[in-house]
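Data from query25.cif: mmCIF, C-alpha atoms and all ligand atoms
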```cif
data_start
#
loop_
_atom_site.label_atom_id
_atom_site.label_comp_id
_atom_site.auth_asym_id
_atom_site.auth_seq_id
_atom_site.Cartn_x
_atom_site.Cartn_y
_atom_site.Cartn_z
CA MET A 1 9.55 -55.61 8.76
CA GLY A 2 12.94 -54.14 8.00
CA LEU A 3 12.49 -52.49 4.57
CA ALA A 4 14.08 -49.04 4.34
CA PRO A 5 11.89 -46.41 2.63
CA LEU A 6 12.94 -44.58 -0.52
CA PRO A 7 15.26 -41.62 0.20
CA GLU A 8 12.54 -39.26 -1.09
CA PHE A 9 8.78 -39.50 -1.72
CA LEU A 10 7.95 -40.83 -5.19
CA PRO A 11 4.76 -39.00 -6.21
CA PHE A 12 2.13 -40.98 -8.12
CA ALA A 13 1.74 -38.93 -11.32
CA PRO A 14 3.39 -35.51 -11.43
CA PRO A 15 3.56 -33.67 -14.78
CA LEU A 16 6.93 -32.96 -16.42
CA THR A 17 7.40 -29.40 -17.64
CA GLY A 18 10.52 -27.42 -18.48
CA PRO A 19 11.81 -24.19 -19.98
CA GLU A 20 9.97 -24.91 -23.28
CA GLU A 21 6.58 -24.69 -21.53
CA VAL A 22 7.65 -21.52 -19.69
CA ALA A 23 8.76 -19.89 -22.98
CA GLU A 24 5.50 -20.81 -24.79
CA ILE A 25 3.38 -19.47 -21.94
CA ALA A 26 5.40 -16.24 -21.85
CA ASP A 27 4.88 -15.93 -25.61
CA THR A 28 1.12 -16.33 -25.13
CA LEU A 29 1.01 -13.72 -22.37
CA LYS A 30 2.91 -11.29 -24.59
CA SER A 31 0.56 -12.02 -27.51
CA GLY A 32 -2.38 -10.37 -25.74
CA TRP A 33 -4.66 -13.33 -26.48
CA LEU A 34 -5.40 -15.48 -23.44
CA THR A 35 -8.53 -17.47 -24.24
CA LYS A 36 -9.16 -19.75 -27.24
CA GLY A 37 -7.35 -18.19 -30.20
CA PRO A 38 -4.56 -18.72 -32.72
CA LYS A 39 -2.42 -20.92 -30.51
CA SER A 40 -5.37 -23.20 -29.72
CA GLU A 41 -6.03 -23.51 -33.42
CA ARG A 42 -2.40 -24.48 -34.00
CA PHE A 43 -2.66 -27.05 -31.21
CA GLU A 44 -5.81 -28.51 -32.79
CA LYS A 45 -4.05 -28.80 -36.16
CA ASP A 46 -0.87 -30.30 -34.70
CA LEU A 47 -2.78 -32.82 -32.56
CA ALA A 48 -4.93 -33.81 -35.56
CA ALA A 49 -1.78 -34.32 -37.64
CA TYR A 50 -0.24 -36.43 -34.88
CA LEU A 51 -3.36 -38.61 -34.66
CA GLY A 52 -3.88 -38.87 -38.42
CA ALA A 53 -7.23 -37.05 -38.22
CA PRO A 54 -8.34 -34.30 -40.62
CA ASP A 55 -9.26 -32.00 -37.72
CA SER A 56 -9.70 -31.88 -33.96
CA LEU A 57 -11.52 -29.78 -31.36
CA ALA A 58 -9.70 -28.70 -28.19
CA VAL A 59 -11.94 -28.00 -25.19
CA SER A 60 -11.69 -27.18 -21.49
CA SER A 61 -11.49 -30.77 -20.18
CA GLY A 62 -11.85 -34.43 -21.02
CA THR A 63 -15.23 -34.32 -19.30
CA ALA A 64 -16.33 -31.54 -21.66
CA ALA A 65 -15.05 -33.55 -24.65
CA LEU A 66 -17.14 -36.57 -23.61
CA HIS A 67 -20.22 -34.43 -22.99
CA LEU A 68 -19.86 -32.70 -26.37
CA ALA A 69 -19.39 -36.03 -28.16
CA LEU A 70 -22.73 -37.28 -26.86
CA ALA A 71 -24.46 -33.93 -27.38
CA ALA A 72 -23.18 -33.69 -30.98
CA LEU A 73 -24.52 -37.18 -31.68
CA GLY A 74 -27.91 -36.08 -30.35
CA VAL A 75 -27.91 -38.54 -27.44
CA THR A 76 -30.82 -37.42 -25.30
CA GLU A 77 -33.60 -38.38 -22.88
CA GLY A 78 -35.14 -41.77 -23.66
CA GLN A 79 -31.82 -43.02 -25.06
CA GLY A 80 -29.23 -45.18 -23.37
CA VAL A 81 -25.44 -45.52 -23.58
CA ILE A 82 -23.53 -48.67 -22.67
CA THR A 83 -20.37 -48.08 -20.68
CA THR A 84 -18.04 -49.57 -18.09
CA PRO A 85 -18.24 -49.34 -14.31
CA LEU A 86 -14.42 -49.22 -14.07
CA THR A 87 -13.93 -45.57 -14.95
CA PHE A 88 -13.83 -42.06 -13.59
CA ALA A 89 -17.19 -40.41 -12.89
CA SER A 90 -16.89 -38.13 -15.96
CA THR A 91 -17.60 -40.98 -18.37
CA VAL A 92 -20.99 -41.64 -16.82
CA HIS A 93 -21.69 -38.02 -15.84
CA ALA A 94 -21.47 -37.11 -19.55
CA ILE A 95 -24.34 -39.51 -20.28
CA VAL A 96 -26.43 -38.14 -17.43
CA TYR A 97 -25.74 -34.51 -18.46
CA GLN A 98 -27.68 -35.39 -21.63
CA ARG A 99 -30.50 -36.91 -19.49
CA ALA A 100 -29.74 -40.23 -21.15
CA THR A 101 -29.55 -43.56 -19.29
CA PRO A 102 -26.19 -45.20 -18.52
CA PHE A 103 -26.19 -48.98 -18.88
CA LEU A 104 -23.22 -50.46 -17.02
CA VAL A 105 -21.83 -53.70 -18.45
CA ASP A 106 -19.05 -55.60 -16.67
CA ILE A 107 -15.36 -55.63 -17.62
CA ASP A 108 -12.98 -58.16 -19.06
CA PRO A 109 -10.84 -58.96 -15.99
CA LEU A 110 -7.72 -59.41 -18.14
CA THR A 111 -7.62 -55.78 -19.26
CA GLY A 112 -10.10 -53.86 -17.11
CA ASN A 113 -11.89 -52.80 -20.31
CA LEU A 114 -15.60 -53.04 -21.12
CA ASP A 115 -16.23 -56.64 -22.17
CA PRO A 116 -17.53 -56.87 -25.77
CA GLN A 117 -18.93 -60.36 -25.18
CA LEU A 118 -21.02 -59.16 -22.22
CA THR A 119 -22.03 -56.08 -24.21
CA GLY A 120 -23.32 -58.36 -26.99
CA ASP A 121 -25.13 -60.53 -24.40
CA PHE A 122 -26.79 -57.45 -22.90
CA LEU A 123 -28.05 -56.32 -26.31
CA LYS A 124 -29.21 -59.81 -27.24
CA ASN A 125 -30.85 -60.83 -23.98
CA LYS A 126 -31.99 -57.63 -22.28
CA CYS A 127 -33.15 -55.74 -25.36
CA ARG A 128 -35.57 -56.18 -28.25
CA LYS A 129 -35.15 -54.77 -31.74
CA GLY A 130 -36.54 -51.27 -32.31
CA PRO A 131 -37.77 -49.68 -35.56
CA ASN A 132 -34.39 -48.36 -36.82
CA GLY A 133 -32.51 -51.51 -35.81
CA ARG A 134 -31.57 -49.97 -32.49
CA PRO A 135 -32.11 -52.10 -29.40
CA ILE A 136 -34.83 -51.18 -26.94
CA HIS A 137 -34.08 -52.10 -23.34
CA LYS A 138 -37.02 -54.33 -22.37
CA LEU A 139 -37.23 -53.25 -18.72
CA THR A 140 -37.09 -49.47 -19.18
CA GLY A 141 -38.18 -48.94 -22.80
CA VAL A 142 -35.00 -46.89 -23.34
CA THR A 143 -33.45 -47.05 -26.84
CA VAL A 144 -29.75 -47.87 -26.73
CA SER A 145 -28.03 -45.39 -29.06
CA ALA A 146 -24.30 -45.51 -28.29
CA LEU A 147 -21.40 -47.49 -26.87
CA LEU A 148 -18.87 -45.73 -24.64
CA PRO A 149 -15.85 -47.95 -23.92
CA VAL A 150 -12.86 -46.56 -21.99
CA HIS A 151 -9.30 -47.43 -22.99
CA TYR A 152 -8.49 -48.23 -19.39
CA GLY A 153 -5.01 -47.13 -18.35
CA GLY A 154 -4.07 -46.79 -22.03
CA LEU A 155 -4.85 -50.44 -22.89
CA PRO A 156 -7.05 -50.19 -26.01
CA ALA A 157 -10.54 -51.64 -25.73
CA ASP A 158 -11.43 -54.28 -28.34
CA LEU A 159 -12.40 -51.78 -31.03
CA LYS A 160 -12.92 -54.35 -33.77
CA ALA A 161 -15.53 -56.09 -31.62
CA PHE A 162 -17.17 -52.81 -30.58
CA TRP A 163 -17.37 -51.53 -34.17
CA GLU A 164 -18.99 -54.82 -35.17
CA ILE A 165 -21.57 -54.40 -32.41
CA ALA A 166 -22.06 -50.74 -33.43
CA GLU A 167 -22.69 -51.80 -37.03
CA THR A 168 -25.04 -54.65 -36.09
CA TYR A 169 -27.20 -52.51 -33.82
CA ASN A 170 -26.85 -49.10 -35.50
CA LEU A 171 -25.06 -47.59 -32.52
CA ASN A 172 -22.63 -44.69 -32.35
CA LEU A 173 -19.25 -45.33 -30.76
CA VAL A 174 -17.67 -42.82 -28.41
CA GLU A 175 -14.23 -43.77 -27.12
CA ASP A 176 -13.10 -42.44 -23.75
CA ALA A 177 -9.41 -42.07 -24.58
CA ALA A 178 -8.56 -39.96 -21.53
CA HIS A 179 -5.67 -42.38 -20.89
CA ALA A 180 -4.92 -43.38 -24.45
CA LEU A 181 -3.01 -40.60 -26.17
CA GLY A 182 -0.26 -42.58 -27.91
CA SER A 183 -1.97 -46.00 -27.66
CA TYR A 184 -2.23 -48.17 -30.76
CA TYR A 185 -4.96 -50.52 -31.92
CA GLY A 186 -3.23 -52.54 -34.64
CA SER A 187 -1.41 -49.95 -36.74
CA TYR A 188 -3.90 -47.17 -35.83
CA LEU A 189 -3.28 -44.58 -33.17
CA ILE A 190 -6.32 -44.27 -30.90
CA GLY A 191 -8.17 -41.20 -32.20
CA ASP A 192 -7.40 -41.89 -35.86
CA PRO A 193 -10.88 -41.83 -37.43
CA SER A 194 -9.87 -44.15 -40.28
CA LEU A 195 -10.09 -47.04 -37.82
CA ARG A 196 -13.88 -47.03 -38.30
CA PRO A 197 -15.22 -49.59 -40.78
CA PRO A 198 -16.60 -47.84 -43.91
CA LYS A 199 -20.32 -48.45 -43.32
CA ALA A 200 -20.38 -48.18 -39.54
CA PRO A 201 -22.28 -45.41 -37.72
CA PHE A 202 -20.44 -42.34 -36.39
CA GLY A 203 -17.66 -42.34 -33.87
CA LEU A 204 -15.85 -39.80 -31.72
CA THR A 205 -12.78 -40.09 -29.52
CA ALA A 206 -12.32 -37.96 -26.39
CA PHE A 207 -8.91 -37.25 -24.83
CA SER A 208 -7.98 -35.58 -21.54
CA PHE A 209 -4.98 -33.35 -20.86
CA TYR A 210 -5.55 -33.15 -17.10
CA ALA A 211 -2.38 -32.56 -15.07
CA THR A 212 -1.60 -36.27 -14.60
CA LYS A 213 -2.16 -37.32 -18.21
CA ASN A 214 0.32 -38.38 -20.91
CA LEU A 215 0.21 -34.82 -22.28
CA ALA A 216 -0.69 -32.27 -19.62
CA THR A 217 -2.16 -28.81 -20.09
CA GLY A 218 -3.37 -28.56 -16.47
CA GLU A 219 -6.95 -28.94 -17.60
CA GLY A 220 -7.95 -29.70 -21.17
CA GLY A 221 -9.50 -32.15 -23.58
CA LEU A 222 -9.81 -32.89 -27.27
CA LEU A 223 -12.16 -34.59 -29.70
CA THR A 224 -11.66 -36.24 -33.05
CA ALA A 225 -14.56 -37.58 -35.10
CA THR A 226 -15.18 -39.90 -38.01
CA GLU A 227 -17.42 -37.25 -39.67
CA PRO A 228 -16.42 -33.58 -40.13
CA GLU A 229 -20.08 -32.54 -39.62
CA ILE A 230 -20.19 -34.14 -36.18
CA LEU A 231 -16.99 -32.38 -35.15
CA ALA A 232 -18.40 -29.11 -36.53
CA LYS A 233 -21.53 -29.62 -34.45
CA ALA A 234 -19.40 -30.29 -31.34
CA ARG A 235 -17.42 -27.10 -32.12
CA VAL A 236 -20.60 -25.00 -32.19
CA LEU A 237 -21.82 -26.60 -28.96
CA SER A 238 -18.43 -25.97 -27.30
CA ALA A 239 -18.77 -22.21 -27.82
CA TYR A 240 -22.21 -21.30 -26.46
CA GLY A 241 -23.89 -22.56 -29.64
CA ILE A 242 -22.47 -19.70 -31.73
CA SER A 243 -22.79 -20.81 -35.33
CA ASP A 244 -19.38 -19.78 -36.62
CA ALA A 245 -17.43 -20.84 -33.55
CA ARG A 246 -14.06 -20.83 -35.30
CA LYS A 247 -14.36 -17.13 -36.04
CA ILE A 248 -15.19 -16.06 -32.48
CA TRP A 249 -11.62 -15.29 -31.58
CA GLY A 250 -11.20 -13.20 -34.72
CA ARG A 251 -14.04 -10.86 -33.88
CA TYR A 252 -11.81 -8.25 -32.22
CA ALA A 253 -9.31 -8.32 -35.11
CA PRO A 254 -9.31 -5.42 -37.64
CA GLN A 255 -11.35 -7.51 -40.14
CA GLY A 256 -13.55 -8.98 -37.41
CA THR A 257 -17.24 -8.31 -36.92
CA TRP A 258 -19.41 -7.93 -33.84
CA VAL A 259 -22.24 -9.91 -35.44
CA TYR A 260 -22.84 -13.47 -34.32
CA ASP A 261 -25.76 -15.85 -34.05
CA VAL A 262 -26.46 -18.26 -31.20
CA ALA A 263 -27.84 -21.17 -33.19
CA ASP A 264 -28.06 -23.77 -30.43
CA LEU A 265 -28.08 -24.21 -26.65
CA GLY A 266 -24.32 -24.66 -26.35
CA PHE A 267 -21.87 -24.67 -23.47
CA LYS A 268 -18.80 -22.69 -22.54
CA TYR A 269 -16.13 -25.31 -22.96
CA ASN A 270 -13.32 -23.11 -24.31
CA PHE A 271 -9.75 -24.29 -24.42
CA THR A 272 -7.42 -21.34 -23.78
CA ASP A 273 -4.23 -20.21 -25.48
CA ILE A 274 -2.45 -20.63 -22.14
CA GLN A 275 -3.43 -24.30 -22.19
CA ALA A 276 -2.44 -24.45 -25.87
CA ALA A 277 0.99 -23.01 -25.02
CA LEU A 278 1.53 -25.86 -22.56
CA GLY A 279 0.10 -28.35 -25.04
CA LEU A 280 2.30 -27.29 -27.96
CA ALA A 281 5.43 -27.57 -25.84
CA GLN A 282 4.28 -30.93 -24.44
CA LEU A 283 3.36 -32.31 -27.88
CA LYS A 284 6.97 -31.88 -29.05
CA LYS A 285 8.06 -34.07 -26.15
CA LEU A 286 5.26 -36.64 -26.44
CA PRO A 287 7.36 -39.38 -28.13
CA GLU A 288 9.95 -38.96 -25.37
CA PHE A 289 7.24 -39.07 -22.66
CA LEU A 290 5.69 -42.22 -24.12
CA ALA A 291 9.08 -43.93 -24.35
CA ALA A 292 9.81 -42.98 -20.74
CA ARG A 293 6.44 -44.42 -19.60
CA LYS A 294 7.15 -47.68 -21.42
CA GLU A 295 10.62 -47.83 -19.91
CA ARG A 296 9.14 -47.37 -16.41
CA ALA A 297 6.44 -49.98 -17.10
CA ASN A 298 9.17 -52.43 -18.13
CA VAL A 299 10.99 -51.79 -14.86
CA TRP A 300 7.84 -52.72 -12.91
CA LEU A 301 7.17 -55.75 -15.16
CA GLU A 302 10.70 -57.07 -14.77
CA ALA A 303 10.76 -56.60 -11.03
CA LEU A 304 7.35 -58.19 -10.42
CA ARG A 305 7.29 -60.95 -13.04
CA PRO A 306 8.89 -63.51 -10.69
CA LEU A 307 5.87 -63.02 -8.36
CA GLU A 308 3.23 -64.01 -10.89
CA ASP A 309 1.48 -66.34 -8.44
CA LEU A 310 1.09 -63.45 -5.97
CA VAL A 311 0.09 -60.64 -8.35
CA ILE A 312 -1.55 -60.11 -11.74
CA LEU A 313 0.42 -57.87 -14.07
CA PRO A 314 -1.10 -55.65 -16.77
CA GLN A 315 -1.01 -57.18 -20.25
CA GLU A 316 -1.28 -55.53 -23.64
CA PRO A 317 -4.03 -57.38 -25.58
CA LYS A 318 -2.75 -58.98 -28.80
CA GLY A 319 -2.25 -56.43 -31.59
CA THR A 320 -2.40 -53.41 -29.27
CA ARG A 321 0.15 -51.10 -27.68
CA SER A 322 -0.55 -49.29 -24.45
CA SER A 323 0.39 -45.67 -23.87
CA TRP A 324 1.16 -46.84 -20.33
CA HIS A 325 -0.86 -44.11 -18.71
CA LEU A 326 -1.40 -46.49 -15.80
CA PHE A 327 0.34 -49.55 -14.43
CA PRO A 328 -2.57 -51.35 -12.75
CA LEU A 329 -1.06 -54.01 -10.50
CA ARG A 330 -3.50 -56.49 -8.99
CA LEU A 331 -2.88 -58.43 -5.82
CA ASN A 332 -3.78 -62.11 -5.70
CA LEU A 333 -5.49 -61.70 -2.34
CA ASP A 334 -5.93 -65.47 -1.81
CA ARG A 335 -2.15 -65.79 -1.69
CA LEU A 336 -1.42 -62.75 0.49
CA LYS A 337 -1.83 -62.04 4.19
CA ILE A 338 -2.76 -58.43 3.53
CA ASP A 339 -5.59 -56.62 1.73
CA ARG A 340 -5.29 -53.85 -0.87
CA ASP A 341 -5.82 -50.96 1.54
CA ALA A 342 -3.26 -52.21 4.06
CA PHE A 343 -0.83 -52.77 1.19
CA ILE A 344 -1.21 -49.15 0.11
CA THR A 345 -0.49 -48.00 3.68
CA ARG A 346 2.73 -50.05 3.62
CA LEU A 347 3.73 -48.58 0.25
CA LYS A 348 3.16 -45.06 1.59
CA GLU A 349 5.41 -45.86 4.57
CA LEU A 350 8.05 -46.79 2.00
CA ASN A 351 7.62 -43.36 0.34
CA ILE A 352 5.92 -44.84 -2.75
CA GLY A 353 2.93 -42.78 -3.94
CA VAL A 354 0.19 -44.87 -5.58
CA SER A 355 -3.50 -44.60 -6.43
CA VAL A 356 -6.50 -46.83 -7.11
CA MET A 357 -8.15 -46.65 -10.54
CA PHE A 358 -11.08 -46.78 -10.14
CA ILE A 359 -13.72 -46.95 -7.43
CA PRO A 360 -16.48 -48.57 -9.54
CA ILE A 361 -19.14 -46.10 -10.66
CA HIS A 362 -21.97 -47.89 -8.85
CA PHE A 363 -20.12 -47.65 -5.49
CA HIS A 364 -20.49 -43.84 -5.45
CA SER A 365 -23.40 -42.55 -3.40
CA TYR A 366 -24.83 -40.43 -6.24
CA TYR A 367 -24.98 -43.43 -8.56
CA GLN A 368 -26.27 -45.69 -5.77
CA ARG A 369 -29.19 -43.26 -5.48
CA SER A 370 -29.73 -42.74 -9.20
CA LEU A 371 -28.89 -46.06 -10.91
CA LEU A 372 -30.17 -49.59 -10.41
CA TYR A 373 -26.83 -51.32 -9.91
CA PRO A 374 -26.50 -52.61 -6.35
CA VAL A 375 -23.10 -53.63 -5.03
CA GLY A 376 -22.61 -57.21 -6.21
CA SER A 377 -24.20 -56.63 -9.62
CA LEU A 378 -20.92 -56.10 -11.53
CA PRO A 379 -18.65 -58.74 -9.99
CA GLN A 380 -15.64 -58.47 -12.31
CA ALA A 381 -15.26 -54.71 -11.84
CA GLU A 382 -15.78 -55.08 -8.09
CA LYS A 383 -13.13 -57.81 -7.80
CA PHE A 384 -10.71 -55.81 -9.97
CA PHE A 385 -11.21 -52.79 -7.70
CA SER A 386 -10.58 -54.80 -4.52
CA GLU A 387 -7.20 -55.98 -5.90
CA GLU A 388 -5.95 -52.96 -7.84
CA ILE A 389 -3.11 -50.53 -7.14
CA SER A 390 -1.88 -48.08 -9.79
CA LEU A 391 1.89 -47.75 -9.57
CA PRO A 392 3.86 -44.62 -10.51
CA LEU A 393 5.00 -44.28 -14.14
CA SER A 394 5.54 -40.55 -14.62
CA PRO A 395 8.47 -39.51 -16.82
CA ALA A 396 9.09 -36.84 -14.17
CA ALA A 397 10.33 -39.56 -11.79
CA PRO A 398 13.98 -40.54 -12.22
CA LEU A 399 14.29 -44.06 -13.59
CA ALA A 400 16.61 -45.04 -10.75
CA LEU A 401 13.94 -44.08 -8.20
CA ILE A 402 11.33 -46.19 -10.04
CA GLN A 403 13.81 -49.10 -10.05
CA GLU A 404 14.34 -48.76 -6.32
CA ALA A 405 10.57 -48.51 -5.76
CA ALA A 406 9.96 -51.61 -7.90
CA TYR A 407 12.39 -53.75 -5.94
CA LEU A 408 11.06 -52.47 -2.63
CA THR A 409 7.50 -53.29 -3.76
CA ARG A 410 8.61 -56.76 -4.76
CA SER A 411 10.19 -57.35 -1.34
CA LEU A 412 7.03 -56.08 0.34
CA ILE A 413 4.84 -58.48 -1.68
CA GLU A 414 7.17 -61.40 -0.92
CA SER A 415 7.00 -60.59 2.78
CA CYS A 416 3.19 -60.68 2.62
CA ALA A 417 2.92 -64.12 0.96
CA ARG A 418 0.90 -66.71 2.87
C1 LIG B 501 -11.26 -42.50 -17.80
C2 LIG B 501 -11.44 -41.02 -17.68
N1 LIG B 501 -12.37 -40.41 -18.41
C3 LIG B 501 -12.58 -39.09 -18.35
C4 LIG B 501 -11.82 -38.28 -17.53
C5 LIG B 501 -12.12 -36.83 -17.46
O1 LIG B 501 -11.07 -36.02 -17.91
P1 LIG B 501 -10.87 -34.55 -17.31
O2 LIG B 501 -10.31 -34.69 -15.94
O3 LIG B 501 -9.91 -33.92 -18.28
O4 LIG B 501 -12.19 -33.88 -17.33
C6 LIG B 501 -10.84 -38.88 -16.74
C7 LIG B 501 -10.06 -38.00 -15.85
O5 LIG B 501 -9.17 -38.11 -15.26
C8 LIG B 501 -10.63 -40.27 -16.81
O6 LIG B 501 -9.69 -40.88 -16.07
#
```
Exercise: express the given structure as structure tokens:
Amino acid sequence: MGLAPLPEFLPFAPPLTGPEEVAEIADTLKSGWLTKGPKSERFEKDLAAYLGAPDSLAVSSGTAALHLALAALGVTEGQGVITTPLTFASTVHAIVYQRATPFLVDIDPLTGNLDPQLTGDFLKNKCRKGPNGRPIHKLTGVTVSALLPVHYGGLPADLKAFWEIAETYNLNLVEDAAHALGSYYGSYLIGDPSLRPPKAPFGLTAFSFYATKNLATGEGGLLTATEPEILAKARVLSAYGISDARKIWGRYAPQGTWVYDVADLGFKYNFTDIQAALGLAQLKKLPEFLAARKERANVWLEALRPLEDLVILPQEPKGTRSSWHLFPLRLNLDRLKIDRDAFITRLKELNIGVSVMFIPIHFHSYYQRSLLYPVGSLPQAEKFFSEEISLPLSPAAPLALIQEAAYLTRSLIESCAR
């Protein structure tokens, strides 16, 4: 087939950094404080202000943020957490770190997000009511204690429906917002704790600042919470369990003290001031980054819309706005002569870097050994996976290159039609 590749390779999701990041990092190095310290505290305050939260907790990764959220809520052995199979391993690992049981419920194929209807069905049909209103899973005797939806690709999960379920069954709600910095549910930014209905149980939102994310600190994560006490608990657990975690970095200052108490079995999930330097510089550019992602998403949408019988395009659910962390294109395989893997090979030959988000959790060998979800048991997530290709959206890519890639991709799809 005679398509000419792009003049240069278009990487899938490179970060965009500039002289501002270099200057902030140099400032940190000169400050003499490299681990979690004053700059991390500033980052926590600035991020909280951006999200509309009273406070936030910056930690070493999104995985750490998810783990701390569950640990701070007291999720433990004998308890279960409902989540989605269409996610990165961290979401489910965090549950298992706490020796709790992950319950995988299938996705809504329109968005790729955990399906609230199926979640309700699971609680109604597979569980009986326990003493504190919490559902007990009939087969295992495990008490379901939390919901853990993922805002897949930046498309917000149906939070109204999940909060209603949380209220009905006395469940906590942890949002995996690794992709959703800058996403809106109604008029609320994801991570704004005022989204929670007044009488609902507690909620936490976990972000990731991994190198490919909307705001990149290399590695990094952040939590907001509906209750200051829960965030305070997570803060203690993030710093070995030391009771006055916020003062740790001040202990070498002239007024500091060597005395500390380890009040809990915590973890070492420190954010560092080098990460904070990157984060502060990136936060100033976040509106620009989000606008650039949307602009790139629109290029893909415009180029591929005429092919709507051959592909399924991502859609923002009514009343929501995506941060466009991902552009999950799905191939209508019945109408194409090619499967997803072969299509990716062709895109690579055209110099277009893509990825697949995600290999369903229950396909991984560890979870095949440790969970009771055989292949075939979560059909929507499995079908979604077999059709999905995540296309490049990074603001680091010149718009003209994305435009060229979009039209090349369209020609490739057309050439593969049955
Ligand atoms: C949906 C989802 N959750 C959690 C994480 C974990 O974040 P991190 O890589 O910062 O640990 C990722 C990571 O990429 C992710 O995609």
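Here atom CA of A:Leu347 and atom CA of A:Pro156 stand 28.4 Å from one another.
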TODO: Enumerate as a list in words the residues within 8 Å of ligand LIG 501 (chain B), counting only C-alpha atoms and all ligand atoms.
DONE: Ser60, Ser61, Gly62, Thr63, Ala64, Ala65, Leu66, Thr87, Phe88, Ala89, Ser90, Thr91, Val150, His151, Tyr152, Gly153, Asp176, Ala177, Ala178, His179, Phe207, Ser208, Phe209, Tyr210, Thr212, Lys213, Glu219, Gly220 and Gly221 of chain A
- [ ] Please identify all polymer residues within 10 Å of A:Ile107, counting all atoms listed in the file, omitting same-chain residues fewer than 4 positions from it, and present them as a VMD selection string.
- [x] chain A and resid 83 to 86 111 to 119 149 378 to 382 384
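Of the listed residues (A:Leu171, A:Trp33, A:Val356, A:Val96), A:Val356 comes nearest to A:Leu391; the distances count only C-alpha atoms.
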Task: Nearest to A:Leu57 by atom-to-atom distance, counting only C-alpha atoms, from A:Ile338, A:Ala245, A:Ala417, A:Leu412 - done: A:Ala245
What are the centre and edge lengths in Å, to one decimal, of the axis-aligned box around all listed atoms of stretch 34-44 of chain A with 8 Å added on each side, as AutoDock Vina command-line options?
```
--center_x -5.8 --center_y -22.0 --center_z -28.7 --size_x 22.8 --size_y 29.0 --size_z 26.6
```
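Interatomic distance, atom CA of A:Ser243 against atom CA of A:Gly203: 22.2 Å.
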TODO: Measure the distance from atom CA of A:Lys268 to atom CA of A:Pro360 in Å and round it to one decimal.
DONE: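 Result for atom CA of A:Lys268 versus atom CA of A:Pro360: 29.1 Å, one decimal.
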TODO: Using only C-alpha atoms, find all polymer residues with an atom at most 9 Å away from the point (10.2, -52.3, -11.9); report them as a PyMOL selection string.
DONE: chain A and resi 296-304+402-407+409-410
Print the selection's residues with C-alpha atoms to a file, as a PDB file, keeping the file's coordinate frame.
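Written file, again38.pdb:
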```pdb
ATOM      1  CA  ARG A 296       9.140 -47.370 -16.410  1.00  0.00           C
ATOM      2  CA  ALA A 297       6.440 -49.980 -17.100  1.00  0.00           C
ATOM      3  CA  ASN A 298       9.170 -52.430 -18.130  1.00  0.00           C
ATOM      4  CA  VAL A 299      10.990 -51.790 -14.860  1.00  0.00           C
ATOM      5  CA  TRP A 300       7.840 -52.720 -12.910  1.00  0.00           C
ATOM      6  CA  LEU A 301       7.170 -55.750 -15.160  1.00  0.00           C
ATOM      7  CA  GLU A 302      10.700 -57.070 -14.770  1.00  0.00           C
ATOM      8  CA  ALA A 303      10.760 -56.600 -11.030  1.00  0.00           C
ATOM      9  CA  LEU A 304       7.350 -58.190 -10.420  1.00  0.00           C
ATOM     10  CA  ILE A 402      11.330 -46.190 -10.040  1.00  0.00           C
ATOM     11  CA  GLN A 403      13.810 -49.100 -10.050  1.00  0.00           C
ATOM     12  CA  GLU A 404      14.340 -48.760  -6.320  1.00  0.00           C
ATOM     13  CA  ALA A 405      10.570 -48.510  -5.760  1.00  0.00           C
ATOM     14  CA  ALA A 406       9.960 -51.610  -7.900  1.00  0.00           C
ATOM     15  CA  TYR A 407      12.390 -53.750  -5.940  1.00  0.00           C
ATOM     16  CA  THR A 409       7.500 -53.290  -3.760  1.00  0.00           C
ATOM     17  CA  ARG A 410       8.610 -56.760  -4.760  1.00  0.00           C
TER      18      ARG A 410
END
```
Open item on the list: Env of stretch 135-139 of chain A: 9 Å cut, atoms = only C-alpha atoms, seq-sep filter 4 positions within chain, self excluded. Answer as a PyMOL selection string.
Closed with: chain A and resi 79-80+123-124+126-131+143-145+169-171
TODO: Pick out the closest residue to A:Ile361 from this set: A:Ala69, A:Ala13, A:Val105, A:Ala232. Count all atoms listed in the file.
DONE: A:Val105
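Look at A:Phe267: the protein and nucleic acid residues within 6 Å of it, using only C-alpha atoms and passing over chain neighbours fewer than 4 places away, are Leu237, Ser238, Ala239 and Tyr240 of chain A.
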